[in-house]
Structures are given as structure tokens and as C-alpha cells.
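Printed here is work-v2.cif (mmCIF, C-alpha atoms (C1' of nucleotides)):
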```cif
data_start
#
loop_
_atom_site.label_atom_id
_atom_site.label_comp_id
_atom_site.auth_asym_id
_atom_site.auth_seq_id
_atom_site.Cartn_x
_atom_site.Cartn_y
_atom_site.Cartn_z
CA MET A 23 1.65 -20.22 -26.08
CA PRO A 24 -1.20 -21.33 -23.82
CA THR A 25 -1.17 -19.20 -20.69
CA ALA A 26 1.17 -16.26 -20.80
CA THR A 27 -0.08 -15.55 -17.31
CA THR A 28 0.59 -18.74 -15.41
CA THR A 29 -1.65 -20.17 -12.74
CA ALA A 30 0.92 -19.34 -10.10
CA ALA A 31 0.98 -15.71 -11.21
CA ILE A 32 -2.79 -15.50 -10.98
CA GLU A 33 -2.75 -16.96 -7.48
CA ASP A 34 -0.03 -14.46 -6.64
CA ASP A 35 -2.20 -11.60 -7.82
CA ARG A 36 -5.14 -12.88 -5.83
CA LEU A 37 -3.05 -13.18 -2.68
CA ASP A 38 -1.66 -9.71 -3.35
CA ALA A 39 -5.18 -8.31 -3.49
CA THR A 40 -6.36 -10.25 -0.46
CA PHE A 41 -3.42 -9.35 1.76
CA ALA A 42 -3.56 -5.72 0.61
CA ALA A 43 -7.25 -5.58 1.48
CA LEU A 44 -6.54 -7.06 4.91
CA ALA A 45 -3.67 -4.66 5.61
CA ASN A 46 -6.04 -2.09 7.06
CA SER A 47 -7.76 -2.32 10.42
CA THR A 48 -10.82 -0.43 9.19
CA ARG A 49 -11.39 -3.01 6.50
CA ARG A 50 -10.76 -5.88 8.91
CA ALA A 51 -13.33 -4.34 11.25
CA MET A 52 -15.79 -4.18 8.35
CA LEU A 53 -15.27 -7.89 7.71
CA ALA A 54 -15.82 -8.59 11.40
CA ARG A 55 -19.07 -6.67 11.21
CA LEU A 56 -20.17 -8.61 8.13
CA ALA A 57 -19.38 -11.89 9.86
CA ASP A 58 -22.57 -11.22 11.83
CA GLY A 59 -24.56 -10.98 8.63
CA PRO A 60 -25.10 -8.78 5.57
CA ALA A 61 -25.45 -5.02 5.97
CA ASN A 62 -25.95 -1.87 3.95
CA VAL A 63 -23.24 0.70 3.41
CA THR A 64 -24.53 3.23 5.94
CA ASP A 65 -24.83 0.50 8.57
CA ILE A 66 -21.26 -0.54 7.90
CA ALA A 67 -20.13 3.07 8.02
CA GLU A 68 -21.81 3.83 11.31
CA PRO A 69 -19.04 2.77 13.77
CA PHE A 70 -16.33 4.63 11.86
CA ASP A 71 -15.37 8.26 11.92
CA LEU A 72 -15.19 8.35 8.15
CA SER A 73 -17.01 10.01 5.30
CA LEU A 74 -19.35 7.81 3.31
CA PRO A 75 -17.19 8.03 0.17
CA ALA A 76 -14.25 6.75 2.18
CA VAL A 77 -16.33 3.80 3.35
CA SER A 78 -17.47 3.21 -0.19
CA LYS A 79 -13.87 3.00 -1.34
CA HIS A 80 -12.93 0.56 1.40
CA LEU A 81 -15.82 -1.63 0.33
CA LYS A 82 -14.63 -1.48 -3.25
CA VAL A 83 -11.22 -2.75 -2.13
CA LEU A 84 -12.84 -5.61 -0.24
CA GLU A 85 -15.02 -6.41 -3.23
CA HIS A 86 -12.02 -6.38 -5.57
CA ALA A 87 -10.34 -8.90 -3.29
CA GLY A 88 -13.46 -11.07 -3.41
CA LEU A 89 -13.96 -10.70 0.32
CA ILE A 90 -17.43 -9.28 -0.03
CA VAL A 91 -20.26 -9.64 -2.51
CA ARG A 92 -22.72 -6.89 -3.17
CA GLY A 93 -26.28 -6.70 -4.32
CA GLN A 94 -28.79 -4.01 -4.94
CA GLN A 95 -32.29 -3.63 -3.60
CA ALA A 96 -33.81 -0.26 -4.29
CA GLN A 97 -31.31 2.41 -3.22
CA PHE A 98 -29.56 -0.04 -0.89
CA ARG A 99 -26.40 -1.97 -1.72
CA PRO A 100 -26.27 -4.84 0.73
CA CYS A 101 -22.82 -6.30 1.38
CA ALA A 102 -22.19 -9.87 2.43
CA LEU A 103 -18.97 -11.47 3.56
CA ASP A 104 -17.40 -14.08 1.31
CA ALA A 105 -14.79 -15.83 3.44
CA ALA A 106 -13.36 -17.97 0.64
CA PRO A 107 -10.22 -15.82 0.21
CA LEU A 108 -9.62 -16.12 3.93
CA GLU A 109 -9.41 -19.85 3.53
CA GLU A 110 -6.65 -19.26 0.98
CA VAL A 111 -4.90 -16.97 3.45
CA SER A 112 -5.12 -19.58 6.15
CA THR A 113 -3.84 -22.31 3.85
CA TRP A 114 -0.98 -20.13 2.74
CA ALA A 115 0.02 -19.30 6.31
CA GLU A 116 -0.30 -22.91 7.42
CA GLN A 117 2.54 -23.77 5.03
CA TYR A 118 4.80 -22.21 7.62
CA ARG A 119 3.36 -23.98 10.66
CA PRO A 120 6.23 -26.48 10.84
CA ILE A 121 8.58 -23.53 11.06
CA TRP A 122 6.84 -21.59 13.79
CA GLU A 123 6.36 -24.82 15.72
CA ALA A 124 9.98 -25.83 15.33
CA ARG A 125 11.03 -22.40 16.46
CA PHE A 126 11.67 -23.43 20.02
CA ASP A 127 13.92 -26.40 19.37
CA ARG A 128 15.54 -25.43 16.10
CA MET A 129 15.34 -21.77 15.28
CA GLU A 130 15.27 -19.73 18.42
CA GLY A 131 18.93 -20.20 19.21
CA TYR A 132 19.91 -18.98 15.81
CA LEU A 133 17.51 -16.05 15.87
CA HIS A 134 18.88 -14.96 19.20
CA GLN A 135 22.36 -15.35 17.91
CA LEU A 136 21.56 -13.07 14.98
CA GLN A 137 19.99 -10.48 17.21
CA GLN A 138 22.94 -10.51 19.59
CA GLN A 139 25.35 -10.15 16.70
CA HIS A 140 23.33 -7.25 15.46
CA LYS A 141 23.43 -5.47 18.79
CA ALA A 142 27.08 -6.30 19.37
CA GLY A 143 28.32 -5.16 15.98
CA THR A 144 31.85 -6.52 15.52
CA ASN A 145 32.68 -8.28 18.70
CA ASP A 146 35.55 -10.70 18.25
CA ASP A 147 35.97 -13.73 16.06
CA GLN A 148 32.90 -15.86 15.47
CA MET B 22 -2.55 8.80 31.08
CA PRO B 23 -2.58 5.02 30.99
CA THR B 24 -2.04 3.39 27.61
CA ALA B 25 -3.45 5.85 25.14
CA THR B 26 -2.61 3.05 22.70
CA THR B 27 -4.69 0.08 23.73
CA THR B 28 -3.65 -3.53 23.36
CA ALA B 29 -6.16 -4.02 20.58
CA ALA B 30 -4.73 -1.06 18.70
CA ILE B 31 -1.23 -2.48 18.99
CA GLU B 32 -2.38 -5.83 17.66
CA ASP B 33 -4.12 -3.95 14.85
CA ASP B 34 -0.90 -2.19 13.97
CA ARG B 35 1.00 -5.44 14.00
CA LEU B 36 -1.53 -7.13 11.73
CA ASP B 37 -1.45 -4.06 9.49
CA ALA B 38 2.32 -4.39 9.16
CA THR B 39 2.20 -8.15 8.66
CA PHE B 40 -0.53 -8.11 6.03
CA ALA B 41 1.10 -5.18 4.25
CA ALA B 42 4.40 -7.05 4.16
CA LEU B 43 2.67 -10.12 2.75
CA ALA B 44 0.79 -8.13 0.09
CA ASN B 45 3.65 -8.48 -2.36
CA SER B 46 4.64 -11.63 -4.18
CA THR B 47 8.33 -10.73 -4.21
CA ARG B 48 8.34 -10.55 -0.44
CA ARG B 49 6.36 -13.78 -0.14
CA ALA B 50 8.91 -15.45 -2.40
CA MET B 51 11.66 -14.17 -0.14
CA LEU B 52 9.95 -15.76 2.84
CA ALA B 53 9.65 -19.01 0.92
CA ARG B 54 13.36 -18.89 0.23
CA LEU B 55 14.13 -18.26 3.88
CA ALA B 56 11.96 -21.18 4.90
CA ASP B 57 14.83 -23.33 3.61
CA GLY B 58 17.25 -21.62 5.94
CA PRO B 59 19.01 -18.29 6.56
CA ALA B 60 20.62 -16.43 3.70
CA ASN B 61 22.56 -13.27 2.95
CA VAL B 62 21.08 -10.34 1.05
CA THR B 63 22.81 -11.09 -2.26
CA ASP B 64 21.69 -14.73 -2.08
CA ILE B 65 18.12 -13.60 -1.48
CA ALA B 66 18.38 -11.11 -4.32
CA GLU B 67 19.70 -13.62 -6.84
CA PRO B 68 16.40 -15.04 -8.21
CA PHE B 69 14.87 -11.60 -8.69
CA ASP B 70 15.32 -9.13 -11.48
CA LEU B 71 15.77 -6.32 -8.99
CA SER B 72 18.46 -3.93 -7.90
CA LEU B 73 20.08 -4.63 -4.56
CA PRO B 74 18.63 -1.48 -2.94
CA ALA B 75 15.15 -2.65 -3.94
CA VAL B 76 15.82 -5.99 -2.27
CA SER B 77 17.16 -4.19 0.76
CA LYS B 78 13.93 -2.23 1.08
CA HIS B 79 11.80 -5.36 0.79
CA LEU B 80 13.84 -6.91 3.55
CA LYS B 81 13.35 -3.84 5.70
CA VAL B 82 9.59 -4.18 5.27
CA LEU B 83 9.77 -7.84 6.28
CA GLU B 84 11.94 -6.97 9.25
CA HIS B 85 9.58 -4.22 10.33
CA ALA B 86 6.76 -6.76 10.29
CA GLY B 87 8.86 -9.09 12.43
CA LEU B 88 8.87 -11.71 9.69
CA ILE B 89 12.64 -11.86 9.49
CA VAL B 90 15.48 -11.34 11.92
CA ARG B 91 18.85 -10.09 10.84
CA GLY B 92 22.38 -10.48 12.07
CA GLN B 93 25.76 -9.34 11.02
CA GLN B 94 28.89 -11.32 10.38
CA ALA B 95 31.62 -9.29 8.76
CA GLN B 96 30.13 -7.55 5.73
CA PHE B 97 27.26 -10.05 5.56
CA ARG B 98 23.80 -9.48 6.97
CA PRO B 99 22.25 -12.91 7.29
CA CYS B 100 18.46 -13.01 7.31
CA ALA B 101 16.42 -15.68 9.01
CA LEU B 102 12.70 -16.28 8.85
CA ASP B 103 10.66 -15.70 11.97
CA ALA B 104 7.31 -17.33 11.33
CA ALA B 105 5.67 -16.11 14.54
CA PRO B 106 3.62 -13.37 12.79
CA LEU B 107 2.37 -15.99 10.36
CA GLU B 108 0.90 -17.87 13.27
CA GLU B 109 -1.00 -14.69 14.13
CA VAL B 110 -2.18 -14.45 10.54
CA SER B 111 -3.36 -18.02 10.57
CA THR B 112 -5.13 -17.57 13.89
CA TRP B 113 -6.80 -14.41 12.63
CA ALA B 114 -8.00 -16.10 9.44
CA GLU B 115 -9.19 -19.19 11.31
CA GLN B 116 -11.71 -16.95 13.08
CA TYR B 117 -13.65 -17.05 9.85
CA ARG B 118 -13.42 -20.79 9.25
CA PRO B 119 -17.00 -21.40 10.43
CA ILE B 120 -18.13 -18.92 7.82
CA TRP B 121 -16.26 -20.34 4.85
CA GLU B 122 -17.30 -23.82 5.88
CA ALA B 123 -20.94 -22.82 6.28
CA ARG B 124 -20.82 -21.17 2.89
CA PHE B 125 -22.37 -24.11 1.08
CA ASP B 126 -25.40 -24.63 3.28
CA ARG B 127 -26.02 -21.14 4.58
CA MET B 128 -24.41 -18.39 2.58
CA GLU B 129 -24.09 -19.38 -1.02
CA GLY B 130 -27.73 -18.86 -1.86
CA TYR B 131 -27.65 -15.39 -0.52
CA LEU B 132 -24.38 -14.52 -2.19
CA HIS B 133 -25.70 -15.70 -5.52
CA GLN B 134 -28.86 -13.75 -4.98
CA LEU B 135 -26.83 -10.60 -4.38
CA GLN B 136 -24.75 -11.21 -7.47
CA GLN B 137 -27.80 -11.78 -9.63
CA GLN B 138 -29.41 -8.63 -8.34
CA HIS B 139 -26.25 -6.78 -9.13
CA LYS B 140 -26.04 -8.06 -12.68
CA ALA B 141 -29.73 -7.57 -13.31
CA GLY B 142 -29.77 -3.95 -12.18
CA THR B 143 -33.06 -2.63 -13.51
CA ASN B 144 -34.29 -5.63 -15.44
CA ASP B 145 -38.03 -5.52 -16.11
CA ASP B 146 -39.36 -2.02 -16.64
CA GLN B 147 -36.87 0.80 -16.66
"C1'" DT C 13 -43.20 15.87 -10.26
"C1'" DC C 14 -40.50 16.96 -6.62
"C1'" DC C 15 -38.14 15.44 -2.31
"C1'" DG C 16 -35.50 12.63 0.61
"C1'" DT C 17 -32.54 8.66 1.14
"C1'" DA C 18 -28.55 5.66 -0.17
"C1'" DG C 19 -24.42 5.35 -2.51
"C1'" DT C 20 -21.10 6.33 -5.94
"C1'" DT C 21 -18.15 9.15 -8.83
"C1'" DT C 22 -15.18 12.96 -9.57
"C1'" DC C 23 -11.66 15.92 -8.23
"C1'" DC C 24 -8.43 17.28 -5.11
"C1'" DT C 25 -4.45 16.68 -1.54
"C1'" DA C 26 -0.98 14.30 1.10
"C1'" DT C 27 1.41 10.13 1.92
"C1'" DT C 28 3.29 5.69 0.94
"C1'" DC C 29 5.20 2.19 -2.24
"C1'" DG C 30 8.23 0.08 -5.52
"C1'" DG C 31 11.66 0.97 -8.28
"C1'" DT C 32 15.98 3.25 -10.14
"C1'" DT C 33 21.01 5.20 -9.92
"C1'" DA C 34 24.70 7.20 -7.35
"C1'" DA C 35 27.05 7.72 -3.18
"C1'" DT C 36 28.31 5.84 1.32
"C1'" DT C 37 29.41 2.70 5.09
"C1'" DA C 38 31.58 -1.40 6.84
"C1'" DA C 39 34.55 -5.17 6.95
"C1'" DC C 40 37.88 -8.16 5.03
"C1'" DC C 41 42.41 -9.05 2.42
"C1'" DC C 42 46.88 -7.90 0.36
"C1'" DG D 14 46.72 2.25 3.25
"C1'" DG D 15 44.27 0.63 -1.05
"C1'" DG D 16 41.13 -2.39 -3.17
"C1'" DT D 17 37.23 -5.56 -3.17
"C1'" DT D 18 32.89 -7.30 -1.51
"C1'" DA D 19 28.38 -6.69 0.94
"C1'" DA D 20 24.91 -3.94 1.90
"C1'" DT D 21 22.60 0.46 3.11
"C1'" DT D 22 21.41 5.34 2.54
"C1'" DA D 23 20.14 9.29 -0.28
"C1'" DA D 24 17.74 11.38 -3.82
"C1'" DC D 25 14.46 11.00 -7.07
"C1'" DC D 26 10.38 9.33 -9.91
"C1'" DG D 27 5.73 7.44 -11.14
"C1'" DA D 28 1.90 4.99 -9.46
"C1'" DA D 29 -1.12 3.69 -5.89
"C1'" DT D 30 -3.64 4.71 -1.19
"C1'" DA D 31 -6.38 7.03 2.04
"C1'" DG D 32 -8.89 10.75 2.95
"C1'" DG D 33 -12.34 14.86 2.26
"C1'" DA D 34 -15.80 17.87 -0.28
"C1'" DA D 35 -18.85 18.39 -3.84
"C1'" DA D 36 -21.55 16.76 -7.41
"C1'" DC D 37 -24.14 13.18 -9.33
"C1'" DT D 38 -27.18 8.77 -9.88
"C1'" DA D 39 -30.94 5.96 -8.59
"C1'" DC D 40 -34.80 4.70 -6.29
"C1'" DG D 41 -39.16 5.19 -3.37
"C1'" DG D 42 -42.78 7.99 -1.73
"C1'" DA D 43 -45.88 12.09 -0.83
#
```

Could you write out this file's structure as C-alpha cells?
Amino acid sequence: MPTATTTAAIEDDRLDATFAALANSTRRAMLARLADGPANVTDIAEPFDLSLPAVSKHLKVLEHAGLIVRGQQAQFRPCALDAAPLEEVSTWAEQYRPIWEARFDRMEGYLHQLQQQHKAGTNDDQ
Amino acid sequence: MPTATTTAAIEDDRLDATFAALANSTRRAMLARLADGPANVTDIAEPFDLSLPAVSKHLKVLEHAGLIVRGQQAQFRPCALDAAPLEEVSTWAEQYRPIWEARFDRMEGYLHQLQQQHKAGTNDDQ
DNA sequence: TCCGTAGTTTCCTATTCGGTTAATTAACCC
DNA sequence: GGGTTAATTAACCGAATAGGAAACTACGGA
């Protein structure tokens, strides 16, 4: 058996890690900071009301998701943004563009209908 | 006290919820299924090796993120995709497009440099 | 060699997540 | 009313998250 873990499963895991890393406003703010250029851990920590270990852990999550790359010069560990996973996120989301664009002509009526039904409970027939 | 919760904070919370909902391949598969049209809970559950309560919880997460809308007809609770939050995700990610596109000319050298430093650790002396 | 700086690791706590089974609600049909 | 179908709620469990404090590692410099 060639790949017990299929390509799709690997991509799934990577998207899992990326979305999980992004599901936190502190980490998203760190990425925004790094969009302006590389920085050391204490620099990244500065705007946040967080202990340094907490920041360190957030950075580890971002690194695990491949969203940052880290180096080492002397006692410093510079972090740099790697936006490649964000391209995957964008591509994934863009799959659904036809749907959110069709929303007005096709979907919205149905969505409203569902919501009304939900509010109404059992009204009459259908 | 005017808006102790600022607009930015609300958007943060919404992105938190959306990304968290997307950070699970089962839930992403459910969205993919719903892209083909509305479905009831048991229909959605069918491809998964999961108990119905587990499916129900996943759907609640998706609903909380605004990714699905739910109705009620008789004992059925039809679910329909609402792709609007995915447009937000795409827009958010697209912020970083200049960075992932500049990667080849501007960033890659630096990223590699960081990675090499990291691997090398203390190379020469000790 | 000792000190200060930069970060990480370890250990702890509280909360959330993903899953289960069992019980419950809700609506239809006979 | 009684039974069946659809789905949720309740209670519980193990694993993962997010945080802090304290200890530790690693490097540069006086």
C-alpha cells in the first residue's frame, strides 16, 4: 500500500493546523505585526498583555502551521512571516465564491425562509 | 459607556468563530456537502462515522459561526450553507497576497537564512 | 567567571473540544 | 393515545488550549 495517509488527508491536516492557528486574534495580530517585517520575540510580545511564555507558545503554534519561520542569532530568535499557508486559505475560501455571490439571486430567499420557519416553529402547512 | 466592545473586537470575535469552525476537516466536509444544496441532519451525518449527537454539535459550531442557517419543517431541521463568512475569510487572507507573491523576490532568501541558522545552531566552535 | 538579556521548558490550573451513550423533545402517522 | 422518525440535550470522558509562575538554557559582555 503506497500512501496510507492520502494526499487529501495531509492537506486536511495542514488546513486544520492553519485554521486553528488563525482562530485566535492574538495570533492574527502577531501575523499582522510580522507583515511589516521580521521581529524578535520580545518585540512581538510588546503590544500584548501576556507573559513571555504565553507569547512563546503562540509563536510555536504559528510555526507549527508554517505561518512563521524562525532563526537564531545570538540569544535572539527572529521570526518572519511565511504567507504561503494564507494562499492556501484564500484558495480554499475562493471555492465558495460562486455561492456567496449567488446568494442574492438564488440563496437568500431560501435562507430567509429557513430563518422564518425557525422563528415560527410549526405554523400551518408548508 | 459607549461600546465597550469596539467594532474591531466584534470582527475579531467573528473571525475567531469562523476560523475555529473551519479548523476541523469534518466540518469543512459538511460545508462542501451543503454547497450542493440544503440537507437534513441525518443526510449530512450519513458519510461520517459519527454519532448523531456529534454531528449535531458540529452543526451547532457551524451555525454559531454563521456558516449555516437552519430551518424546521416537521421533525426535520434543514441546513443551508451561508457562505458570507467565507467571503470575510477570503478578504482577510487576501490582505497578505502581496506578501506571498513577493516571497520569491524578497522574502525567500531571508526565510532560508533563518532556517539555516536554526538548523545550524552552534556550528563552528561550541 | 559571573551577570544580564532573550527565550524556552516545565509544571500547574481552568476551560474548551470532540466524542460517546442514554434520555428527551417534537412532529408525524395509524 | 401509541409508535416511529428526526434531532437535541444531558452527562460524562480524555485530550487539547490558553494562561501564569518558576526554573532553566544560551549567548554576549564586563

Translate the PyMOL selection byres ((chain D) within 7 of (chain A)) into a concrete residue list for this structure, as a ChimeraX atom specification.
/D:32,39-40

Please write the residues from the selection above to a file, keeping C-alpha atoms (C1' of nucleotides), as a PDB file, in the frame of the given file.
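Output file selection-v7.pdb follows:
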```pdb
ATOM      1  C1'  DG D  32      -8.890  10.750   2.950  1.00  0.00           C
ATOM      2  C1'  DA D  39     -30.940   5.960  -8.590  1.00  0.00           C
ATOM      3  C1'  DC D  40     -34.800   4.700  -6.290  1.00  0.00           C
TER       4       DC D  40
END
```

When you look at range 32-37 of chain A with a cut-off of 8 Å (counting only C-alpha atoms (C1' of nucleotides)), what residues show up, excluding the ones that are within fewer than 3 positions of it in the same chain? I need them as a list in words.
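The residues that qualify are Thr27, Thr28, Thr29, Thr40, Phe41, Ala87, Glu110 and Val111 of chain A; Ala44 and Ser46 of chain B.
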
Straight-line distance linking C1' of DT18 in chain D with CA of Glu84 in chain B, stated in Å to one decimal:
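Calculated distance between C1' of DT18 in chain D and CA of Glu84 in chain B is 23.6 Å.
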
Got a sec to check which residues sit within 8 Å of (28.0, -0.5, 4.2), counting all atoms listed in the file, and write them as a ChimeraX atom specification?
/B:96 /C:36-38 /D:19-21

Minimum-distance residue to chain A, chosen among B:Ile65, B:Leu107, B:Ile89, B:Leu55 (using only C-alpha atoms):
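Going through B:Ile65, B:Leu107, B:Ile89, B:Leu55 one by one, the smallest distance to chain A is for B:Leu107.
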
Selection result for the PyMOL selection byres ((chain C) within 9 of (chain A)) on this file, as a JSON list (two decimals) with C-alpha atoms (C1' of nucleotides), in the coordinates of the input:
```json
[["chain", "number", "residue", "atom", "x", "y", "z"],
["C", 17, "DT", "C1'", -32.54, 8.66, 1.14],
["C", 18, "DA", "C1'", -28.55, 5.66, -0.17],
["C", 19, "DG", "C1'", -24.42, 5.35, -2.51],
["C", 20, "DT", "C1'", -21.10, 6.33, -5.94]]
```

Kindly provide, as a ChimeraX atom specification, the residues of chain B having any atom no farther than 7 Å from an atom of chain A, counting only C-alpha atoms.
/B:33,36-38,40-41,43-46,90-93,101,104-105,107,110-111,114-115,117,120-121,132,135-136,138-139

Residue contacts of DC24 in chain C (12 Å, all atoms listed in the file) excluding same-chain residues fewer than 3 positions away, as a PyMOL selection string:
chain D and resi 32-35

Could you list the residues chosen by the PyMOL selection byres ((chain C and resi 30) around 9) in this structure as a PyMOL selection string?
(chain B and resi 75) or (chain C and resi 29+31) or (chain D and resi 28)

Please extract range 37-87 of chain A and write it out with C-alpha atoms, as a PDB file, in the first residue's frame.
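Listing of out.pdb after writing:
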```pdb
ATOM      1  CA  LEU A  37      -5.676  23.265   6.760  1.00  0.00           C
ATOM      2  CA  ASP A  38      -6.643  22.106  10.252  1.00  0.00           C
ATOM      3  CA  ALA A  39      -3.396  23.491  11.625  1.00  0.00           C
ATOM      4  CA  THR A  40      -3.621  26.718   9.648  1.00  0.00           C
ATOM      5  CA  PHE A  41      -7.226  27.483  10.545  1.00  0.00           C
ATOM      6  CA  ALA A  42      -6.598  26.550  14.180  1.00  0.00           C
ATOM      7  CA  ALA A  43      -3.624  28.907  14.284  1.00  0.00           C
ATOM      8  CA  LEU A  44      -5.736  31.689  12.780  1.00  0.00           C
ATOM      9  CA  ALA A  45      -8.620  31.134  15.188  1.00  0.00           C
ATOM     10  CA  ASN A  46      -7.089  33.492  17.724  1.00  0.00           C
ATOM     11  CA  SER A  47      -6.963  37.256  17.455  1.00  0.00           C
ATOM     12  CA  THR A  48      -3.662  37.470  19.330  1.00  0.00           C
ATOM     13  CA  ARG A  49      -2.005  35.242  16.777  1.00  0.00           C
ATOM     14  CA  ARG A  50      -3.611  37.115  13.881  1.00  0.00           C
ATOM     15  CA  ALA A  51      -2.272  40.347  15.376  1.00  0.00           C
ATOM     16  CA  MET A  52       1.182  38.770  15.547  1.00  0.00           C
ATOM     17  CA  LEU A  53       0.975  37.923  11.855  1.00  0.00           C
ATOM     18  CA  ALA A  54      -0.093  41.489  11.107  1.00  0.00           C
ATOM     19  CA  ARG A  55       2.930  42.720  13.003  1.00  0.00           C
ATOM     20  CA  LEU A  56       5.232  40.384  11.088  1.00  0.00           C
ATOM     21  CA  ALA A  57       3.772  41.572   7.803  1.00  0.00           C
ATOM     22  CA  ASP A  58       5.822  44.717   8.425  1.00  0.00           C
ATOM     23  CA  GLY A  59       8.990  42.670   8.686  1.00  0.00           C
ATOM     24  CA  PRO A  60      10.784  40.162  10.915  1.00  0.00           C
ATOM     25  CA  ALA A  61      10.936  40.720  14.662  1.00  0.00           C
ATOM     26  CA  ASN A  62      12.261  39.139  17.833  1.00  0.00           C
ATOM     27  CA  VAL A  63      10.038  37.533  20.431  1.00  0.00           C
ATOM     28  CA  THR A  64      10.140  40.401  22.924  1.00  0.00           C
ATOM     29  CA  ASP A  65       9.284  42.876  20.162  1.00  0.00           C
ATOM     30  CA  ILE A  66       6.339  40.738  19.157  1.00  0.00           C
ATOM     31  CA  ALA A  67       5.268  40.410  22.776  1.00  0.00           C
ATOM     32  CA  GLU A  68       5.388  44.114  23.481  1.00  0.00           C
ATOM     33  CA  PRO A  69       1.832  45.151  22.419  1.00  0.00           C
ATOM     34  CA  PHE A  70       0.200  42.290  24.319  1.00  0.00           C
ATOM     35  CA  ASP A  71      -0.688  41.978  27.961  1.00  0.00           C
ATOM     36  CA  LEU A  72       0.753  38.493  28.087  1.00  0.00           C
ATOM     37  CA  SER A  73       3.616  36.707  29.761  1.00  0.00           C
ATOM     38  CA  LEU A  74       6.576  35.875  27.568  1.00  0.00           C
ATOM     39  CA  PRO A  75       5.961  32.125  27.838  1.00  0.00           C
ATOM     40  CA  ALA A  76       2.436  32.668  26.553  1.00  0.00           C
ATOM     41  CA  VAL A  77       3.813  34.579  23.576  1.00  0.00           C
ATOM     42  CA  SER A  78       6.354  31.850  23.021  1.00  0.00           C
ATOM     43  CA  LYS A  79       3.582  29.281  22.844  1.00  0.00           C
ATOM     44  CA  HIS A  80       1.562  31.332  20.381  1.00  0.00           C
ATOM     45  CA  LEU A  81       4.630  31.558  18.183  1.00  0.00           C
ATOM     46  CA  LYS A  82       5.067  27.817  18.379  1.00  0.00           C
ATOM     47  CA  VAL A  83       1.510  27.360  17.130  1.00  0.00           C
ATOM     48  CA  LEU A  84       2.166  29.725  14.234  1.00  0.00           C
ATOM     49  CA  GLU A  85       5.402  27.935  13.445  1.00  0.00           C
ATOM     50  CA  HIS A  86       3.688  24.546  13.530  1.00  0.00           C
ATOM     51  CA  ALA A  87       1.186  25.859  10.990  1.00  0.00           C
TER      52      ALA A  87
END
```
